[in-house]
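So this block is input.cif, mmCIF, C-alpha atoms and all ligand atoms:
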```cif
data_input
#
loop_
_atom_site.label_atom_id
_atom_site.label_comp_id
_atom_site.auth_asym_id
_atom_site.auth_seq_id
_atom_site.Cartn_x
_atom_site.Cartn_y
_atom_site.Cartn_z
CA MET Q 947 3.97 -16.42 -17.95
CA ILE Q 948 6.16 -14.75 -15.30
CA ASP Q 949 3.79 -12.23 -13.79
CA LEU Q 950 5.58 -9.11 -12.53
CA ARG Q 951 2.59 -6.75 -12.93
CA SER Q 952 1.83 -6.57 -9.23
CA ASP Q 953 2.01 -8.43 -5.91
CA THR Q 954 -1.81 -8.53 -6.03
CA VAL Q 955 -1.53 -11.52 -8.41
CA THR Q 956 -0.43 -13.85 -5.58
CA ARG Q 957 -2.76 -16.82 -5.11
CA PRO Q 958 -3.56 -18.66 -1.88
CA SER Q 959 -1.17 -21.59 -1.43
CA ALA Q 960 -2.38 -25.17 -0.88
CA GLU Q 961 -1.50 -24.82 2.84
CA MET Q 962 -3.48 -21.59 3.11
CA ARG Q 963 -6.47 -23.18 1.38
CA ALA Q 964 -6.29 -26.11 3.83
CA ALA Q 965 -6.22 -23.71 6.80
CA ILE Q 966 -9.19 -21.75 5.44
CA ALA Q 967 -11.26 -24.92 5.04
CA SER Q 968 -11.58 -25.47 8.79
CA ALA Q 969 -12.21 -21.83 9.82
CA PRO Q 970 -15.09 -21.39 12.30
CA VAL Q 971 -17.52 -18.86 10.80
CA GLY Q 972 -20.69 -16.92 11.61
CA ASP Q 973 -22.65 -13.94 10.33
CA ASP Q 974 -20.30 -10.96 10.65
CA VAL Q 975 -23.08 -8.38 10.18
CA TYR Q 976 -24.32 -9.70 13.57
CA SER Q 977 -20.66 -9.67 14.77
CA ASP Q 978 -21.03 -13.47 15.02
CA ASP Q 979 -17.96 -14.56 13.07
CA PRO Q 980 -15.39 -15.68 15.67
CA THR Q 981 -12.53 -15.85 13.16
CA VAL Q 982 -12.90 -12.30 11.88
CA ASN Q 983 -13.53 -10.97 15.41
CA ALA Q 984 -10.28 -12.55 16.59
CA LEU Q 985 -8.41 -11.28 13.51
CA GLU Q 986 -9.61 -7.71 14.06
CA GLU Q 987 -8.29 -7.91 17.64
CA ARG Q 988 -5.05 -9.51 16.52
CA VAL Q 989 -4.17 -6.88 13.92
CA ALA Q 990 -5.29 -3.97 16.12
CA GLU Q 991 -2.99 -5.29 18.87
CA LEU Q 992 -0.13 -5.70 16.37
CA PHE Q 993 -0.27 -1.98 15.51
CA GLY Q 994 -1.10 -0.80 19.05
CA LYS Q 995 -4.62 0.29 18.10
CA GLU Q 996 -7.88 -0.22 20.03
CA ALA Q 997 -9.91 -1.82 17.26
CA GLY Q 998 -10.06 -2.90 13.64
CA VAL Q 999 -12.67 -3.46 10.92
CA PHE Q 1000 -12.11 -5.97 8.11
CA THR Q 1001 -12.83 -4.75 4.58
CA PRO Q 1002 -12.80 -6.42 1.15
CA THR Q 1003 -10.34 -3.88 -0.31
CA GLY Q 1004 -7.65 -1.42 0.70
CA SER Q 1005 -9.41 1.36 -1.16
CA LEU Q 1006 -12.42 0.86 1.12
CA SER Q 1007 -10.35 0.83 4.31
CA ASN Q 1008 -8.56 4.02 3.19
CA GLN Q 1009 -11.90 5.65 2.41
CA LEU Q 1010 -13.46 4.60 5.71
CA GLY Q 1011 -10.41 5.94 7.54
CA ILE Q 1012 -10.28 9.37 5.92
CA ARG Q 1013 -14.02 9.90 6.22
CA THR Q 1014 -13.79 9.50 10.01
CA LEU Q 1015 -11.10 12.22 10.07
CA VAL Q 1016 -12.28 14.78 7.49
CA LYS Q 1017 -15.74 16.37 7.26
CA PRO Q 1018 -17.40 17.32 3.94
CA GLY Q 1019 -15.79 20.47 2.56
CA GLU Q 1020 -12.64 20.01 4.59
CA GLU Q 1021 -9.28 19.05 3.23
CA LEU Q 1022 -6.99 16.01 3.17
CA LEU Q 1023 -3.37 16.51 2.07
CA THR Q 1024 -1.34 13.76 0.39
CA GLU Q 1025 1.78 13.34 -1.72
CA THR Q 1026 0.88 13.96 -5.35
CA PHE Q 1027 1.25 10.30 -6.49
CA ALA Q 1028 -0.52 8.78 -3.48
CA HIS Q 1029 -2.93 5.91 -4.16
CA ILE Q 1030 -5.71 7.79 -2.29
CA VAL Q 1031 -5.67 10.62 -4.84
CA ARG Q 1032 -4.44 8.75 -7.94
CA ALA Q 1033 -6.02 5.30 -7.85
CA GLU Q 1034 -9.26 5.44 -5.86
CA LEU Q 1035 -11.24 7.18 -8.60
CA GLY Q 1036 -12.07 10.30 -6.62
CA ALA Q 1037 -13.82 8.31 -3.89
CA GLY Q 1038 -12.97 10.85 -1.16
CA ALA Q 1039 -14.75 13.57 -3.13
CA ALA Q 1040 -17.54 11.38 -4.50
CA PHE Q 1041 -18.53 9.69 -1.22
CA SER Q 1042 -17.33 11.97 1.56
CA GLY Q 1043 -17.14 15.51 0.11
CA ILE Q 1044 -13.42 15.60 0.93
CA THR Q 1045 -11.25 18.08 -0.97
CA THR Q 1046 -7.56 17.37 -1.50
CA ARG Q 1047 -4.33 19.20 -2.22
CA THR Q 1048 -0.98 17.54 -2.74
CA TRP Q 1049 2.72 18.14 -2.31
CA GLU Q 1050 5.39 16.36 -4.36
CA GLY Q 1051 7.96 14.12 -2.71
CA ASP Q 1052 11.19 12.73 -4.20
CA HIS Q 1053 10.14 9.16 -5.15
CA GLY Q 1054 7.10 9.75 -2.94
CA LEU Q 1055 9.31 10.14 0.13
CA LEU Q 1056 7.99 12.18 3.02
CA ASN Q 1057 9.62 15.38 4.10
CA ALA Q 1058 7.43 16.57 6.98
CA GLN Q 1059 8.13 20.23 6.20
CA ASP Q 1060 6.82 19.82 2.61
CA ALA Q 1061 3.49 18.57 3.94
CA MET Q 1062 3.26 21.24 6.63
CA ALA Q 1063 4.15 23.99 4.15
CA ILE Q 1064 0.79 23.56 2.40
CA ALA Q 1065 -1.28 22.74 5.52
CA ARG Q 1066 -3.88 25.34 6.56
CA PRO Q 1067 -5.58 24.18 9.75
CA ASP Q 1068 -8.52 26.18 11.15
CA SER Q 1069 -8.79 28.47 8.14
CA GLY Q 1070 -11.99 30.11 9.33
CA PRO Q 1071 -14.92 31.04 7.09
CA TYR Q 1072 -12.93 31.96 3.94
CA LEU Q 1073 -10.43 29.22 3.17
CA VAL Q 1074 -10.55 25.42 3.21
CA SER Q 1075 -9.35 23.96 6.49
CA THR Q 1076 -6.84 21.10 6.47
CA THR Q 1077 -7.99 18.42 8.89
CA ALA Q 1078 -5.87 15.39 7.94
CA ILE Q 1079 -2.70 14.32 6.15
CA ALA Q 1080 -2.31 10.84 4.61
CA ILE Q 1081 1.06 9.10 4.22
CA GLU Q 1082 1.65 6.03 2.03
CA ASN Q 1083 4.20 3.47 3.26
CA THR Q 1084 5.66 1.91 1.20
CA HIS Q 1085 4.94 4.39 -1.56
CA ASN Q 1086 3.61 2.45 -4.52
CA PHE Q 1087 4.10 4.85 -7.44
CA GLY Q 1088 7.27 6.16 -5.75
CA GLY Q 1089 8.71 2.69 -6.45
CA GLY Q 1090 8.07 0.89 -3.16
CA THR Q 1091 10.05 3.46 -1.19
CA VAL Q 1092 10.09 3.23 2.62
CA GLN Q 1093 9.12 6.39 4.51
CA PRO Q 1094 11.79 7.36 7.06
CA ILE Q 1095 10.42 6.93 10.60
CA SER Q 1096 12.20 10.16 11.60
CA GLU Q 1097 10.05 12.16 9.12
CA ILE Q 1098 6.90 10.29 10.17
CA ARG Q 1099 7.59 11.21 13.81
CA LYS Q 1100 8.34 14.80 12.87
CA LEU Q 1101 5.06 14.99 10.97
CA ARG Q 1102 3.17 13.57 13.95
CA GLU Q 1103 4.75 16.16 16.23
CA LEU Q 1104 4.00 19.09 13.91
CA THR Q 1105 0.44 18.00 13.08
CA SER Q 1106 -0.53 17.30 16.69
CA LYS Q 1107 0.49 20.84 17.66
CA VAL Q 1108 -2.08 22.27 15.24
CA GLY Q 1109 -4.79 19.61 15.53
CA ILE Q 1110 -4.33 17.93 12.14
CA ALA Q 1111 -5.03 14.17 12.10
CA THR Q 1112 -2.87 11.60 10.27
CA HIS Q 1113 -3.84 8.55 8.20
CA LEU Q 1114 -1.46 5.77 7.11
CA ASP Q 1115 -2.10 4.03 3.81
CA GLY Q 1116 -0.11 0.98 4.84
CA ALA Q 1117 -1.12 -1.30 1.98
CA ARG Q 1118 2.51 -2.51 1.97
CA ILE Q 1119 3.45 -1.66 5.57
CA TRP Q 1120 4.64 -5.28 5.87
CA ASN Q 1121 7.30 -4.57 3.27
CA ALA Q 1122 8.28 -1.32 5.01
CA HIS Q 1123 8.67 -3.20 8.31
CA ILE Q 1124 10.87 -5.90 6.76
CA ALA Q 1125 13.05 -3.37 4.93
CA SER Q 1126 13.44 -0.91 7.83
CA GLY Q 1127 13.16 -3.06 10.94
CA VAL Q 1128 10.72 -0.48 12.39
CA SER Q 1129 8.02 -2.25 14.42
CA PHE Q 1130 4.34 -2.17 13.49
CA LYS Q 1131 3.59 -0.40 16.78
CA ASP Q 1132 6.15 2.31 16.04
CA TYR Q 1133 4.40 2.94 12.74
CA GLY Q 1134 0.93 2.67 14.30
CA GLU Q 1135 1.46 5.17 17.13
CA ASN Q 1136 2.08 8.00 14.66
CA PHE Q 1137 -1.31 7.77 12.96
CA ASP Q 1138 -4.95 8.21 13.99
CA THR Q 1139 -6.14 5.72 11.38
CA VAL Q 1140 -4.17 2.92 9.70
CA SER Q 1141 -5.14 0.90 6.62
CA VAL Q 1142 -3.33 -2.37 5.87
CA CYS Q 1143 -3.76 -4.89 3.00
CA PHE Q 1144 -3.42 -8.66 3.24
CA SER Q 1145 -4.00 -9.47 -0.43
CA LYS Q 1146 -0.70 -8.23 -1.85
CA GLY Q 1147 2.70 -9.58 -0.82
CA LEU Q 1148 1.23 -11.50 2.13
CA GLY Q 1149 -0.65 -13.71 -0.31
CA ALA Q 1150 -4.15 -13.79 1.20
CA PRO Q 1151 -6.81 -13.84 -1.53
CA ILE Q 1152 -8.96 -10.97 -0.23
CA GLY Q 1153 -8.89 -8.52 2.63
CA SER Q 1154 -7.73 -5.27 4.20
CA MET Q 1155 -8.32 -3.67 7.57
CA LEU Q 1156 -8.84 -0.24 9.06
CA LEU Q 1157 -7.38 0.25 12.55
CA SER Q 1158 -8.11 3.09 14.95
CA THR Q 1159 -9.88 3.95 18.21
CA LYS Q 1160 -13.01 2.03 19.20
CA ASP Q 1161 -15.17 5.06 18.39
CA ARG Q 1162 -13.78 5.60 14.92
CA VAL Q 1163 -13.94 1.90 14.10
CA ARG Q 1164 -17.58 1.79 15.24
CA GLU Q 1165 -18.33 4.69 12.86
CA ALA Q 1166 -16.36 3.01 10.04
CA ARG Q 1167 -18.36 -0.20 10.57
CA VAL Q 1168 -21.61 1.70 10.00
CA TRP Q 1169 -20.28 3.22 6.79
CA ARG Q 1170 -18.89 -0.13 5.61
CA LYS Q 1171 -22.44 -1.52 5.76
CA ARG Q 1172 -23.86 1.62 4.14
CA TYR Q 1173 -21.43 1.15 1.23
CA GLY Q 1174 -22.67 -2.43 0.86
CA ALA Q 1175 -19.58 -4.15 2.27
CA GLY Q 1176 -21.09 -5.71 5.41
CA MET Q 1177 -20.12 -9.34 4.78
CA ARG Q 1178 -21.44 -12.56 6.24
CA GLN Q 1179 -19.31 -15.72 6.83
CA VAL Q 1180 -16.15 -13.71 6.39
CA GLY Q 1181 -14.06 -16.00 8.62
CA ILE Q 1182 -13.32 -17.88 5.38
CA LEU Q 1183 -11.30 -14.83 4.32
CA ALA Q 1184 -10.02 -13.94 7.77
CA ASP Q 1185 -8.40 -17.33 8.28
CA GLY Q 1186 -6.43 -16.89 5.06
CA VAL Q 1187 -5.14 -13.70 6.64
CA ASN Q 1188 -4.24 -15.54 9.87
CA PHE Q 1189 -2.23 -17.99 7.81
CA ALA Q 1190 -0.49 -15.14 5.97
CA LEU Q 1191 0.40 -13.33 9.21
CA ASP Q 1192 1.72 -16.56 10.75
CA ASN Q 1193 3.79 -17.63 7.77
CA ASN Q 1194 4.38 -15.02 5.11
CA ILE Q 1195 5.77 -11.82 6.64
CA ALA Q 1196 9.46 -12.76 6.97
CA ALA Q 1197 9.51 -14.17 3.43
CA LEU Q 1198 8.95 -10.67 2.02
CA ALA Q 1199 12.74 -10.27 2.40
CA GLU Q 1200 13.05 -12.71 -0.52
CA ASP Q 1201 10.83 -10.50 -2.68
CA HIS Q 1202 13.07 -7.54 -1.82
CA ARG Q 1203 16.26 -9.45 -2.67
CA ARG Q 1204 14.79 -10.50 -6.01
CA ALA Q 1205 13.64 -6.99 -6.90
CA HIS Q 1206 17.17 -5.80 -6.20
CA GLU Q 1207 18.61 -8.48 -8.48
CA ILE Q 1208 16.33 -7.37 -11.31
CA ALA Q 1209 17.23 -3.73 -10.67
CA GLU Q 1210 20.96 -4.53 -10.74
CA ALA Q 1211 20.59 -6.40 -14.03
CA CYS Q 1212 18.81 -3.36 -15.53
CA VAL Q 1213 21.52 -0.98 -14.31
CA ALA Q 1214 24.26 -3.23 -15.71
CA ALA Q 1215 22.57 -2.99 -19.14
CA VAL Q 1216 21.46 0.67 -19.08
CA PRO Q 1217 22.90 2.58 -16.09
CA GLN Q 1218 20.26 5.34 -15.99
CA SER Q 1219 17.29 2.94 -16.34
CA VAL Q 1220 16.85 2.27 -12.61
CA ASP Q 1221 17.82 4.37 -9.61
CA LEU Q 1222 19.18 1.62 -7.33
CA GLU Q 1223 19.19 3.93 -4.33
CA TYR Q 1224 15.39 3.96 -4.39
CA VAL Q 1225 14.78 0.21 -4.81
CA HIS Q 1226 13.92 -0.32 -1.15
CA THR Q 1227 11.44 -3.20 -1.32
CA ASN Q 1228 9.69 -5.34 -3.97
CA ILE Q 1229 9.09 -2.76 -6.71
CA VAL Q 1230 11.42 -1.88 -9.59
CA VAL Q 1231 10.60 1.23 -11.62
CA ILE Q 1232 12.32 1.41 -15.00
CA ASN Q 1233 12.77 4.91 -16.33
CA LEU Q 1234 12.64 5.04 -20.14
CA VAL Q 1235 13.30 8.77 -20.56
CA GLY Q 1236 15.61 9.03 -23.59
CA ALA Q 1237 14.67 5.56 -24.89
CA LYS Q 1238 13.37 5.05 -28.42
CA GLN Q 1239 10.69 2.63 -27.22
CA SER Q 1240 7.76 3.53 -24.99
CA ALA Q 1241 6.97 1.62 -21.82
CA GLN Q 1242 3.98 0.06 -23.64
CA GLU Q 1243 6.27 -1.16 -26.44
CA LEU Q 1244 8.82 -2.59 -24.03
CA ALA Q 1245 6.00 -4.26 -22.05
CA ALA Q 1246 4.74 -5.85 -25.29
CA ALA Q 1247 8.24 -7.14 -26.13
CA LEU Q 1248 8.57 -8.57 -22.62
CA LYS Q 1249 5.17 -10.22 -22.95
CA ASP Q 1250 6.31 -11.91 -26.16
CA ALA Q 1251 9.18 -13.32 -24.11
CA GLY Q 1252 6.78 -14.59 -21.41
CA ILE Q 1253 7.12 -11.76 -18.87
CA LEU Q 1254 4.25 -9.54 -17.75
CA SER Q 1255 4.98 -5.99 -16.52
CA SER Q 1256 3.01 -2.76 -16.01
CA ALA Q 1257 3.45 0.32 -18.19
CA LEU Q 1258 2.46 3.11 -15.78
CA GLY Q 1259 3.11 5.90 -18.27
CA PRO Q 1260 4.95 6.39 -21.59
CA THR Q 1261 8.37 6.36 -19.90
CA THR Q 1262 7.65 4.30 -16.76
CA LEU Q 1263 7.62 0.52 -16.57
CA ARG Q 1264 6.97 -1.18 -13.22
CA LEU Q 1265 7.99 -4.69 -12.14
CA VAL Q 1266 6.83 -6.12 -8.81
CA THR Q 1267 8.22 -9.25 -7.16
CA HIS Q 1268 6.08 -11.50 -4.97
CA ARG Q 1269 5.86 -14.91 -3.29
CA ASP Q 1270 4.45 -16.76 -6.30
CA LEU Q 1271 7.73 -16.29 -8.21
CA THR Q 1272 10.72 -18.64 -8.15
CA ASP Q 1273 14.44 -17.88 -8.39
CA GLN Q 1274 14.21 -19.45 -11.83
CA ASP Q 1275 11.63 -16.83 -12.85
CA ILE Q 1276 14.04 -14.12 -11.73
CA SER Q 1277 16.96 -15.69 -13.66
CA LYS Q 1278 14.82 -15.91 -16.75
CA THR Q 1279 13.75 -12.28 -16.34
CA ASN Q 1280 17.37 -11.26 -15.94
CA SER Q 1281 18.35 -13.17 -19.06
CA VAL Q 1282 15.71 -11.39 -21.18
CA LEU Q 1283 15.05 -7.93 -19.75
CA PRO Q 1284 18.56 -6.35 -19.91
CA GLU Q 1285 18.91 -7.12 -23.61
CA LEU Q 1286 15.44 -5.77 -24.44
CA LEU Q 1287 16.19 -2.70 -22.35
CA GLN Q 1288 19.44 -2.07 -24.22
CA GLY Q 1289 17.53 -2.49 -27.47
CA ALA Q 1290 14.94 0.04 -26.32
CA PHE Q 1291 17.65 2.65 -25.83
CA LYS Q 1292 19.62 1.84 -29.02
CA LEU Q 1293 17.09 0.76 -31.67
C1 LIG O 1301 -3.16 -1.74 -3.51
C2 LIG O 1301 -3.15 -0.47 -2.76
C3 LIG O 1301 -4.28 -0.05 -2.06
C4 LIG O 1301 -5.59 -0.81 -2.02
O1 LIG O 1301 -5.95 -1.37 -3.19
P1 LIG O 1301 -7.26 -2.28 -3.36
O2 LIG O 1301 -7.06 -2.79 -4.73
O3 LIG O 1301 -8.42 -1.39 -3.20
O4 LIG O 1301 -7.20 -3.34 -2.30
C5 LIG O 1301 -4.18 1.10 -1.33
N1 LIG O 1301 -3.04 1.82 -1.30
C6 LIG O 1301 -1.93 1.44 -1.96
C7 LIG O 1301 -0.70 2.24 -1.84
C8 LIG O 1301 -1.96 0.29 -2.72
O5 LIG O 1301 -0.85 -0.08 -3.39
#
```
Do you think you could lay out the structure here as structure tokens?
Amino acid sequence: MIDLRSDTVTRPSAEMRAAIASAPVGDDVYSDDPTVNALEERVAELFGKEAGVFTPTGSLSNQLGIRTLVKPGEELLTETFAHIVRAELGAGAAFSGITTRTWEGDHGLLNAQDAMAIARPDSGPYLVSTTAIAIENTHNFGGGTVQPISEIRKLRELTSKVGIATHLDGARIWNAHIASGVSFKDYGENFDTVSVCFSKGLGAPIGSMLLSTKDRVREARVWRKRYGAGMRQVGILADGVNFALDNNIAALAEDHRRAHEIAEACVAAVPQSVDLEYVHTNIVVINLVGAKQSAQELAAALKDAGILSSALGPTTLRLVTHRDLTDQDISKTNSVLPELLQGAFKL
């Protein structure tokens, strides 16, 4: 099977497994694991932050971040298809009493004015006060789109004037960096809290991290334990991350090239099926509006041909490239998908 469902399907390579095997470890609840301590410092330094706390998932690091910024009954704003409001099962409301409102961005892309237009800081005793805004980069359901640094900076400037904090859901910030050339520090300085994931395109088996000030990270560490995610000999995981950071960042450019090749093959078959202008990184979103087959039906046909994809809605099929694929897998996809896509529109 050629698995294009997500970049989360990547498995640790033999070299990564070998590196993990010799990791020095200790009990991280006592802060005794030297490998995870060093990794937290390393990643914090990479993004220009004071401290970091390792978490098992990106959802947890997002949730720990926003709960240090927003008090119960206050409001977090996001784009309407953001992972924090679409794919974390209401965790902000369920665990932290956080209310949310959303604005809609073209392919998830940030326009700072759109976010500020719905922001209501310091609303007094009658209306909900906005205390934070979260930005996703790259934007997953937007199709892996890269947020323009100019809009991120504009948002930082406008929010800091009115005392609104900013959170970055940087699950795929590695991809954004490779596609845009913007440094991790330039991204980091525009946010109070930053969440990054190591278990997607970077290929580590498990792990994410929340980065912020020492005070906020100390608070997040308490809540991580309270949620039951204080882990023990976690250096085993952290060393996989070290390997990924040392070896796997630059190679994301290959994933981006391959996604573009798939997108081009789709456009050659059915011009309106993919908007090439928005294929910025490793995600290809196929738009089946006007097709006679649903995304589920096309996904089933692809599966019969040995290709796994994700139907995100009746007219939306998503393909994600990643480091466990070969150029041969991409050629095979491009020899099967365009024809099936044409069939879906003609039938
Ligand atoms: C994958 C992802 C996360 C975190 O997902 P987990 O499965 O909880 O690790 C967060 N935000 C975005 C945008 C993601 O794509």
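Among the candidates Q:Arg963, Q:Lys1278, Q:Lys1292, Q:Lys1017, the one nearest to Val1074 (chain Q) when counting only C-alpha atoms is Q:Lys1017.
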> Pick the closest to ligand LIG 1301 (chain O) from Q:Ala1078, Q:Val1220, Q:Ile966, Q:Ala1150: which is it, counting all atoms listed in the file?
Replying inline: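 Using all atoms listed in the file, ligand LIG 1301 (chain O) sits closest to Q:Ala1150.
The residue set within 10 Å of Pro1260 (chain Q), counting all atoms listed in the file and dropping same-chain residues fewer than 6 places from it, reads Q:Asn1233, Q:Leu1234, Q:Val1235, Q:Gln1239, Q:Ser1240, Q:Ala1241, Q:Gln1242, Q:Glu1243.
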Could those residues be written to a file, using C-alpha atoms, as a short mmCIF file (atom, residue, chain, number, x, y, z; two decimals), in the coordinates of the input?
```cif
data_model
loop_
_atom_site.label_atom_id
_atom_site.label_comp_id
_atom_site.auth_asym_id
_atom_site.auth_seq_id
_atom_site.Cartn_x
_atom_site.Cartn_y
_atom_site.Cartn_z
CA ASN Q 1233 12.77 4.91 -16.33
CA LEU Q 1234 12.64 5.04 -20.14
CA VAL Q 1235 13.30 8.77 -20.56
CA GLN Q 1239 10.69 2.63 -27.22
CA SER Q 1240 7.76 3.53 -24.99
CA ALA Q 1241 6.97 1.62 -21.82
CA GLN Q 1242 3.98 0.06 -23.64
CA GLU Q 1243 6.27 -1.16 -26.44
#
```
> How many Å separate CA of Gly1252 (chain Q) from CA of Ala1237 (chain Q)?
Replying inline: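 That distance, rounded to one decimal, is 21.9 Å.
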> How many Å lie between CA of Val1216 (chain Q) and CA of Gly1259 (chain Q), rounded to one decimal?
Replying inline: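 Interatomic distance here is 19.1 Å.
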>> Measuring between all atoms listed in the file, which one of Q:Leu1073, Q:Ala1058, Q:Ala990, Q:Ala1209 shows the shortest distance to Arg1099 (chain Q)?
In response: Q:Ala1058
Closest pair table for chain Q residues within 7 Å of ligand LIG 1301 (chain O), all atoms listed in the file, as CSV:
```
residue,atom,partner,partner_atom,distance
Q:Thr1003,CA,O:LIG1301,O4,3.8
Q:Gly1004,CA,O:LIG1301,C4,3.5
Q:Ser1005,CA,O:LIG1301,O3,3.6
Q:Leu1006,CA,O:LIG1301,O3,6.3
Q:Asn1008,CA,O:LIG1301,C5,6.9
Q:Ala1028,CA,O:LIG1301,C7,6.7
Q:His1029,CA,O:LIG1301,C7,4.9
Q:Ile1030,CA,O:LIG1301,N1,6.6
Q:Glu1082,CA,O:LIG1301,C7,5.9
Q:His1085,CA,O:LIG1301,C7,6.0
Q:Asn1086,CA,O:LIG1301,C7,5.1
Q:Asp1115,CA,O:LIG1301,N1,5.6
Q:Gly1116,CA,O:LIG1301,C7,6.8
Q:Ala1117,CA,O:LIG1301,C6,4.9
Q:Arg1118,CA,O:LIG1301,O5,6.8
Q:Cys1143,CA,O:LIG1301,O4,6.5
Q:Ser1154,CA,O:LIG1301,O4,6.8
```
>> So that I can check the surroundings of Ser1069 (chain Q), please list as a list in words every protein, DNA and RNA residue that reaches within 10 Å of it, counting all atoms listed in the file and ignoring chain neighbours fewer than 6 positions away.
In response: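 Final neighbour list, sorted by chain and number: Glu1020, Ser1075 and Thr1076 of chain Q.
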>> Nearest residue to Leu1191 (chain Q) out of Q:Val1092, Q:Leu1258, Q:Met947, Q:Leu1148, using all atoms listed in the file?
In response: Q:Leu1148
> Could you tell me, as a PyMOL selection string, which residues have any atom at most 12 Å from (17.6, -4.6, -8.4), counting all atoms listed in the file?
Replying inline: chain Q and resi 1089+1201-1215+1217+1219-1232+1265-1267+1276+1279-1280+1284
> Pick the closest to Asn1188 (chain Q) from Q:Lys1171, Q:Ser1145, Q:Gly994, Q:Asp1132: which is it, counting all atoms listed in the file?
Replying inline: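 Of the candidates, the smallest distance to Asn1188 (chain Q) is held by Q:Ser1145.
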> Which residue out of Q:Glu1165, Q:Glu1200, Q:Asp1270, Q:Glu1021 has the minimum interatomic distance to Ala1111 (chain Q) when all atoms listed in the file are used?
Replying inline: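 Distance minimum relative to Ala1111 (chain Q) lands on Q:Glu1021.
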> Which residues, written as JSON, numbers by chain, have at least one atom at most 7 Å from Arg957 (chain Q), with only C-alpha atoms counted and residues fewer than 2 positions away on the same chain left out?
Replying inline: {"Q": [955, 959, 1149, 1151]}
Quick one: 6 Å padding each side, axis-aligned, all listed atoms of region 1237-1243 of chain Q - centre and edge lengths in Å to one decimal, as JSON?
```
{"center_x": 9.3, "center_y": 2.2, "center_z": -25.1, "size_x": 22.7, "size_y": 18.7, "size_z": 18.6}
```
> To one decimal place, how far is CA of Asp979 (chain Q) from CA of Ser1129 (chain Q) in Å?
Replying inline: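 Answer for the CA of Asp979 (chain Q) to CA of Ser1129 (chain Q) separation: 28.8 Å.
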